[in-house]
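Visitor: Submitted below is the structure of interest, expressed as structure tokens.
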Amino acid sequence: MGKNKSGDGLAQGVHLNQARASIRQALSQYGHRHMRSLPVQPELDLLKSVLDKLDNTVIRIAVFGLVSRGKSAVLNALLGEKILQTGPIHGVTQWPRSVRWTDGGGGRVQVELIDTPGLDEIAGQVRSDMAQQVAQQSDLILFVVAGDITRTEYDALLELQQAQKPLILVFNKIDLYPEQDLEAIYRKLQQLGGVWSMPCPSGQEHAEDAGGTGGNLLTRNEIVRVAAAPMSRQVRVELPDGTVSYEWETPPSQVDELRQKIIDLLNREGRSLLALNALVQAREAETSIARKTVEYRSEQGEELIWKFARYKAIAVAVNPIALLDIMGGAVTDLALIRELGKLYNLPMTNYTASKLWKTIVFSSGGLMLGELGSSLLFGLGKTTAAVTGATAITAFGGAAIAQACLAGYGAYKVGTAAQVYLEQGCTWGPLGANTVIKSILDRVDSNTILYRLRQELFH
Ligand SMILES: Nc1nc2c(ncn2[C@@H]2O[C@H](COP(=O)(O)OP(=O)(O)OP(=O)(O)O)[C@@H](O)[C@H]2O)c(=O)[nH]1
Ligand SMILES: [Mg+2]
């Protein structure tokens, strides 16, 4: 493969630094004091661990495959030591386990090898979750087969491909096949090449590659033949005195080509891959934080709006003077808008709050103005009832409660519209204020809100 951009050590360093800077920024933004109340600790922890991984330049290589294909044996052969347990019984490895590979990264990066249980060992969803989780954390995947690929292996490959990690197909146990069969199987595996693809650290490089090979992703896929733990065989030993004996001999493992491929890959684009994968993980964490933030704020916003709706209703109910209702109402609405602004951590001066309030009230057209009108009407009725004395107490009660609930309902509507505006980052969107506010108000069911206010406050 010719010289490529990401192979340039300088470019790799730049990728790493960019990823670091971007994750640090995300951490300082979300780790900020006002965000602490949010339930996003797992995402922050993930960001921190991604950053740690970048700082220590640890590359994770995970091995996958069905039971007994020799996954653990392949890792042992790479390690040069029998650290991981292997055996002829299916399901020797039960849990993912990681081992440091001291001379794997050619000294420039640290490498962790992750052994996993056979993909057909654990049941359906658990298996697929485990595989996805491990694959997501790794920077390179080794998929071990030991001959013709089965349907299950094919499906597993497709599933792993979703993690978008570079993948090397390891054809193990080649010592078990005569040369001819070996070639035939190898060719079949090569035809599979189109199934998976190797993502590139930079889109540009991908474009160059695709151009150079007519868009065929095969050139970036790797199939390597190995014999991680060749079977012992009986050899005929002829001694100088002419006697012949048979001895068992265990041939050495053959994984040199695989080791070299991995080291080349890590040297060429290890740090860029690391940066790329870190950014992918960071992006997932950030998306999750953003989603939770809106969800959580919405809940709190709803509570706040409801609190103000009740305040306003009570204030109106106990206040016998009509004109004060209207003024007091506006003041409550403004306070509500400012509180919501604080909740969403958006700047909200008196001026912007009252501008927003006016937009909402006027864009709502008949609905809100109707409330103002009825406020005046009920208010007058209430004032009259209050001054005509105790005989009119029922009339006072009815009018006051109706008006109070209506006022609360008004606050609820203003609050809901303001909340939507703030949630969308202080914009009404391309449809403009009128359309958006009307559709929000249509969704706020007056009967439900009025009923709830009446039940909660005046029952
Ligand atoms: N002939 C031959 N046998 C091998 C080779 N590699 C591994 N084996 C044997 O295959 C069996 C399974 O090897 P493991 O490494 O335990 O396989 P695994 O994929 O980790 O299996 P599980 O952990 O059970 O999923 C063992 O008996 C190994 O000795 C090889 O290259 N050639
Ligand atoms: Mg194993």
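We label chains A, B, ... in the order they appear in the structure tokens, count residues from 1 in each chain, and number ligands from 1 in the order shown.
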Give me the residues near range 18-28 of chain A as a ChimeraX atom specification, where near means some atom within 12 Å (using only C-alpha atoms) and where sequence neighbours in that chain fewer than 5 positions away do not count.

Guide: /A:11-13,33-36,40-41,43-57,201,271-287,289-290

Visitor: For ligand 2, collect every residue having any atom at a distance of at most 12 Å from a ligand atom (counting only C-alpha atoms and all ligand atoms); output as an mmCIF file with C-alpha atoms, in the first residue's frame.

Guide:
data_model
loop_
_atom_site.group_PDB
_atom_site.id
_atom_site.type_symbol
_atom_site.label_atom_id
_atom_site.label_comp_id
_atom_site.auth_asym_id
_atom_site.auth_seq_id
_atom_site.Cartn_x
_atom_site.Cartn_y
_atom_site.Cartn_z
ATOM 1 C CA VAL A 63 -11.044 -11.341 19.047
ATOM 2 C CA PHE A 64 -14.386 -12.811 17.989
ATOM 3 C CA GLY A 65 -15.547 -16.084 16.524
ATOM 4 C CA LEU A 66 -17.595 -19.179 17.264
ATOM 5 C CA VAL A 67 -16.610 -21.628 20.024
ATOM 6 C CA SER A 68 -13.394 -23.588 19.668
ATOM 7 C CA ARG A 69 -12.163 -21.763 16.587
ATOM 8 C CA GLY A 70 -8.991 -21.027 18.527
ATOM 9 C CA LYS A 71 -9.636 -17.417 19.581
ATOM 10 C CA SER A 72 -7.782 -17.776 22.867
ATOM 11 C CA ALA A 73 -5.047 -19.792 21.181
ATOM 12 C CA VAL A 74 -4.506 -17.044 18.582
ATOM 13 C CA LEU A 75 -4.087 -14.450 21.318
ATOM 14 C CA ASN A 76 -1.706 -16.712 23.237
ATOM 15 C CA LYS A 82 -0.013 -19.356 27.233
ATOM 16 C CA ILE A 83 -1.839 -16.785 29.330
ATOM 17 C CA LEU A 84 -5.393 -17.505 28.248
ATOM 18 C CA GLN A 85 -7.005 -20.834 28.879
ATOM 19 C CA THR A 86 -7.681 -22.963 25.808
ATOM 20 C CA GLY A 87 -9.121 -26.416 25.305
ATOM 21 C CA PRO A 88 -11.080 -28.786 23.116
ATOM 22 C CA ILE A 89 -14.307 -28.410 25.114
ATOM 23 C CA HIS A 90 -16.673 -25.812 23.701
ATOM 24 C CA GLY A 91 -17.021 -22.731 25.828
ATOM 25 C CA VAL A 92 -13.645 -22.601 27.559
ATOM 26 C CA THR A 93 -13.739 -18.812 27.591
ATOM 27 C CA GLN A 94 -16.873 -17.651 29.391
ATOM 28 C CA TRP A 95 -16.299 -13.924 29.829
ATOM 29 C CA PRO A 96 -14.441 -11.239 27.923
ATOM 30 C CA ARG A 97 -10.944 -10.857 29.307
ATOM 31 C CA SER A 98 -8.254 -8.389 28.391
ATOM 32 C CA ILE A 114 -9.515 -8.784 24.444
ATOM 33 C CA ASP A 115 -10.552 -12.431 24.431
ATOM 34 C CA THR A 116 -14.288 -13.172 24.190
ATOM 35 C CA PRO A 117 -16.503 -16.243 24.583
ATOM 36 C CA GLY A 118 -17.653 -18.040 21.441
ATOM 37 C CA LEU A 119 -20.418 -16.121 19.733
ATOM 38 C CA GLU A 121 -21.822 -19.990 23.387
ATOM 39 C CA VAL A 144 -11.313 -16.180 13.850
#

Visitor: Can you work out which one of A:Gln190, A:Ser253, A:Gln137, A:Gln180 has the shortest atom-to-atom distance to ligand 1, counting only C-alpha atoms and all ligand atoms?

Guide: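 Nearest candidate to ligand 1 out of A:Gln190, A:Ser253, A:Gln137, A:Gln180: A:Ser253.
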
Visitor: Return the single residue from A:Leu158, A:Ile263, A:Ile401, A:Leu142 that is closest to ligand 1, with distances computed using only C-alpha atoms and all ligand atoms.

Guide: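 Checking each of A:Leu158, A:Ile263, A:Ile401, A:Leu142 against ligand 1, counting only C-alpha atoms and all ligand atoms, the winner is A:Leu142.
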
Visitor: Which residues are close to Asn434 in chain A, i.e. within 9 Å by only C-alpha atoms, leaving aside same-chain residues fewer than 5 positions away? Reply as a PyMOL selection string.

Guide: chain A and resi 359-360+362-365+428+439

Visitor: Distance CA of Val99 in chain A-atom 17 (O, counted along the ligand's line) of ligand 1, one decimal place?

Guide: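 These atoms are spaced 16.1 Å apart.
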
Visitor: So the first atom is CA of Pro178 in chain A and the second is CA of Val244 in chain A; what is the distance between them in Å, to one decimal place?

Guide: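 CA of Pro178 in chain A sits 26.6 Å away from CA of Val244 in chain A.
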
Visitor: Where does DSSP see strand (DSSP E or B) in range 227-379 of chain A, if you list the residues as a ChimeraX atom specification?

Guide: /A:227,233-238,244-249,254

Visitor: What's the separation between CA of Gly147 in chain A and CA of Arg100 in chain A, in Å to one decimal place?

Guide: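 Spanning CA of Gly147 in chain A to CA of Arg100 in chain A is a straight-line distance of 28.5 Å.
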
Visitor: Between A:Lys342, A:His15, A:Arg233, A:Arg60, which has the minimum distance to ligand 1 (counting only C-alpha atoms and all ligand atoms)?

Guide: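 For ligand 1, the nearest of the given residues is A:Arg233.
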
Visitor: May I have the residues within 8 Å of range 409-423 of chain A as a short mmCIF file (atom, residue, chain, number, x, y, z; two decimals) with N, CA and C atoms, in the first residue's frame, using only C-alpha atoms and disregarding those fewer than 5 positions away in the same chain?

Guide:
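Once written, around.cif looks like this:
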data_model
loop_
_atom_site.label_atom_id
_atom_site.label_comp_id
_atom_site.auth_asym_id
_atom_site.auth_seq_id
_atom_site.Cartn_x
_atom_site.Cartn_y
_atom_site.Cartn_z
N VAL A 294 -32.74 17.66 27.47
CA VAL A 294 -34.05 18.16 27.07
C VAL A 294 -35.16 17.45 27.84
N SER A 298 -37.43 19.35 30.41
CA SER A 298 -38.85 19.39 30.08
C SER A 298 -39.67 19.06 31.31
N GLY A 301 -39.38 21.82 33.69
CA GLY A 301 -40.10 22.96 33.12
C GLY A 301 -41.59 22.80 33.34
N GLU A 302 -42.07 21.60 33.11
CA GLU A 302 -43.49 21.32 33.28
C GLU A 302 -43.90 21.59 34.74
N ILE A 305 -43.95 25.36 35.31
CA ILE A 305 -45.11 25.99 34.68
C ILE A 305 -46.35 25.74 35.52
N TRP A 306 -46.45 24.52 35.98
CA TRP A 306 -47.61 24.16 36.78
C TRP A 306 -47.63 24.93 38.10
N PHE A 308 -46.41 27.89 38.62
CA PHE A 308 -46.81 29.26 38.34
C PHE A 308 -48.29 29.36 38.00
N ALA A 309 -48.78 28.35 37.28
CA ALA A 309 -50.21 28.36 36.95
C ALA A 309 -51.03 28.39 38.24
N LYS A 312 -50.69 31.80 40.00
CA LYS A 312 -51.45 32.84 39.34
C LYS A 312 -52.93 32.67 39.67
N GLY A 329 -51.24 39.28 36.47
CA GLY A 329 -51.11 38.12 35.59
C GLY A 329 -49.87 38.23 34.72
N THR A 332 -46.72 37.67 36.70
CA THR A 332 -46.48 36.24 36.97
C THR A 332 -45.94 35.55 35.73
N ASP A 333 -46.56 35.84 34.59
CA ASP A 333 -46.10 35.22 33.34
C ASP A 333 -44.63 35.54 33.08
N LEU A 336 -42.40 33.68 35.30
CA LEU A 336 -42.35 32.29 34.84
C LEU A 336 -41.37 32.14 33.67
N ILE A 337 -41.47 33.07 32.72
CA ILE A 337 -40.58 33.01 31.56
C ILE A 337 -39.12 33.14 31.99
N LEU A 340 -38.00 29.91 33.58
CA LEU A 340 -37.76 28.89 32.56
C LEU A 340 -36.43 29.13 31.87
N GLY A 341 -36.15 30.41 31.59
CA GLY A 341 -34.88 30.77 30.97
C GLY A 341 -33.72 30.27 31.81
N TYR A 344 -33.25 26.53 31.56
CA TYR A 344 -32.60 26.10 30.32
C TYR A 344 -31.22 26.74 30.15
N LEU A 346 -30.44 29.77 29.64
CA LEU A 346 -30.38 30.69 28.52
C LEU A 346 -30.55 32.11 29.07
N LEU A 356 -40.79 38.12 24.61
CA LEU A 356 -41.28 36.75 24.37
C LEU A 356 -42.74 36.65 24.81
N TRP A 357 -43.06 37.25 25.95
CA TRP A 357 -44.43 37.20 26.47
C TRP A 357 -45.39 37.83 25.46
N ILE A 360 -45.94 35.70 22.48
CA ILE A 360 -46.83 34.57 22.76
C ILE A 360 -48.28 35.05 22.86
N VAL A 361 -48.49 36.12 23.61
CA VAL A 361 -49.87 36.59 23.81
C VAL A 361 -50.48 37.03 22.49
N MET A 368 -55.57 34.05 23.91
CA MET A 368 -55.03 34.81 25.04
C MET A 368 -55.81 36.10 25.26
N GLU A 371 -58.70 35.53 27.07
CA GLU A 371 -58.46 35.39 28.52
C GLU A 371 -58.42 36.76 29.19
N TRP A 428 -38.35 30.02 16.92
CA TRP A 428 -39.67 29.44 16.65
C TRP A 428 -39.60 28.55 15.41
N ILE A 437 -46.93 28.78 17.89
CA ILE A 437 -47.65 29.02 19.14
C ILE A 437 -49.09 28.50 19.04
N ILE A 440 -49.07 24.83 19.43
CA ILE A 440 -48.79 24.42 20.83
C ILE A 440 -50.06 24.59 21.66
N LEU A 441 -50.72 25.74 21.46
CA LEU A 441 -51.91 26.01 22.27
C LEU A 441 -53.03 25.03 21.95
N VAL A 444 -52.53 22.14 24.12
CA VAL A 444 -52.81 22.31 25.55
C VAL A 444 -54.32 22.24 25.73
N SER A 446 -57.61 22.76 27.21
CA SER A 446 -58.10 23.68 28.23
C SER A 446 -58.92 22.95 29.29
N ILE A 449 -56.60 21.18 31.85
CA ILE A 449 -55.87 22.10 32.72
C ILE A 449 -56.83 22.79 33.69
N LEU A 450 -57.96 23.23 33.16
CA LEU A 450 -58.92 23.92 34.03
C LEU A 450 -59.43 22.98 35.11
N LEU A 453 -56.69 22.42 37.73
CA LEU A 453 -56.53 23.58 38.61
C LEU A 453 -57.67 23.63 39.62
#

Visitor: Considering only C-alpha atoms and all ligand atoms, can you say which of A:Val170, A:Leu343, A:Leu176, A:Ala163 comes closest to ligand 1?

Guide: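 Ranking A:Val170, A:Leu343, A:Leu176, A:Ala163 by distance to ligand 1, first place goes to A:Leu176.
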
Visitor: Determine which residues of range 32-156 of chain A DSSP labels as helix (DSSP H, G or I) from the backbone of this structure, then write them out as a ChimeraX atom specification.

Guide: /A:33-35,41-56,71-79,124-137,151-156

Visitor: Store the residues of this selection in a file with C-alpha atoms, as a short mmCIF file (atom, residue, chain, number, x, y, z; two decimals), in the first residue's frame.

Guide:
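Result file follows (result_19.cif):
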data_model
loop_
_atom_site.label_atom_id
_atom_site.label_comp_id
_atom_site.auth_asym_id
_atom_site.auth_seq_id
_atom_site.Cartn_x
_atom_site.Cartn_y
_atom_site.Cartn_z
CA ARG A 33 -21.88 23.24 37.69
CA HIS A 34 -25.34 23.86 36.30
CA MET A 35 -25.29 20.47 34.58
CA GLN A 41 -22.84 10.79 35.16
CA PRO A 42 -22.47 7.59 33.09
CA GLU A 43 -21.93 9.65 29.94
CA LEU A 44 -19.41 11.90 31.69
CA ASP A 45 -17.58 8.83 33.00
CA LEU A 46 -17.49 7.41 29.49
CA LEU A 47 -16.07 10.65 28.12
CA LYS A 48 -13.42 10.60 30.85
CA SER A 49 -12.44 7.01 30.11
CA VAL A 50 -12.25 7.77 26.39
CA LEU A 51 -9.97 10.68 27.17
CA ASP A 52 -7.84 8.49 29.45
CA LYS A 53 -7.56 5.95 26.69
CA LEU A 54 -6.40 8.65 24.32
CA ASP A 55 -3.92 10.06 26.81
CA ASN A 56 -2.43 6.63 27.39
CA LYS A 71 -9.64 -17.42 19.58
CA SER A 72 -7.78 -17.78 22.87
CA ALA A 73 -5.05 -19.79 21.18
CA VAL A 74 -4.51 -17.04 18.58
CA LEU A 75 -4.09 -14.45 21.32
CA ASN A 76 -1.71 -16.71 23.24
CA ALA A 77 0.36 -17.17 20.09
CA LEU A 78 0.53 -13.41 19.60
CA LEU A 79 1.47 -12.94 23.24
CA GLY A 124 -29.21 -14.61 21.65
CA GLN A 125 -29.60 -11.08 22.94
CA VAL A 126 -26.92 -11.35 25.64
CA ARG A 127 -24.43 -12.56 23.05
CA SER A 128 -25.19 -9.82 20.66
CA ASP A 129 -25.09 -7.15 23.41
CA MET A 130 -21.75 -8.43 24.68
CA ALA A 131 -20.31 -8.53 21.17
CA GLN A 132 -21.53 -5.04 20.35
CA GLN A 133 -20.25 -3.65 23.62
CA VAL A 134 -16.79 -5.15 23.22
CA ALA A 135 -16.66 -4.27 19.54
CA GLN A 136 -17.59 -0.68 20.30
CA GLN A 137 -14.69 -0.35 22.72
CA ARG A 151 -24.16 -19.20 8.27
CA THR A 152 -23.80 -18.25 11.96
CA GLU A 153 -20.34 -16.90 11.30
CA TYR A 154 -21.55 -14.94 8.33
CA ASP A 155 -24.37 -13.39 10.37
CA ALA A 156 -21.99 -12.59 13.23
#
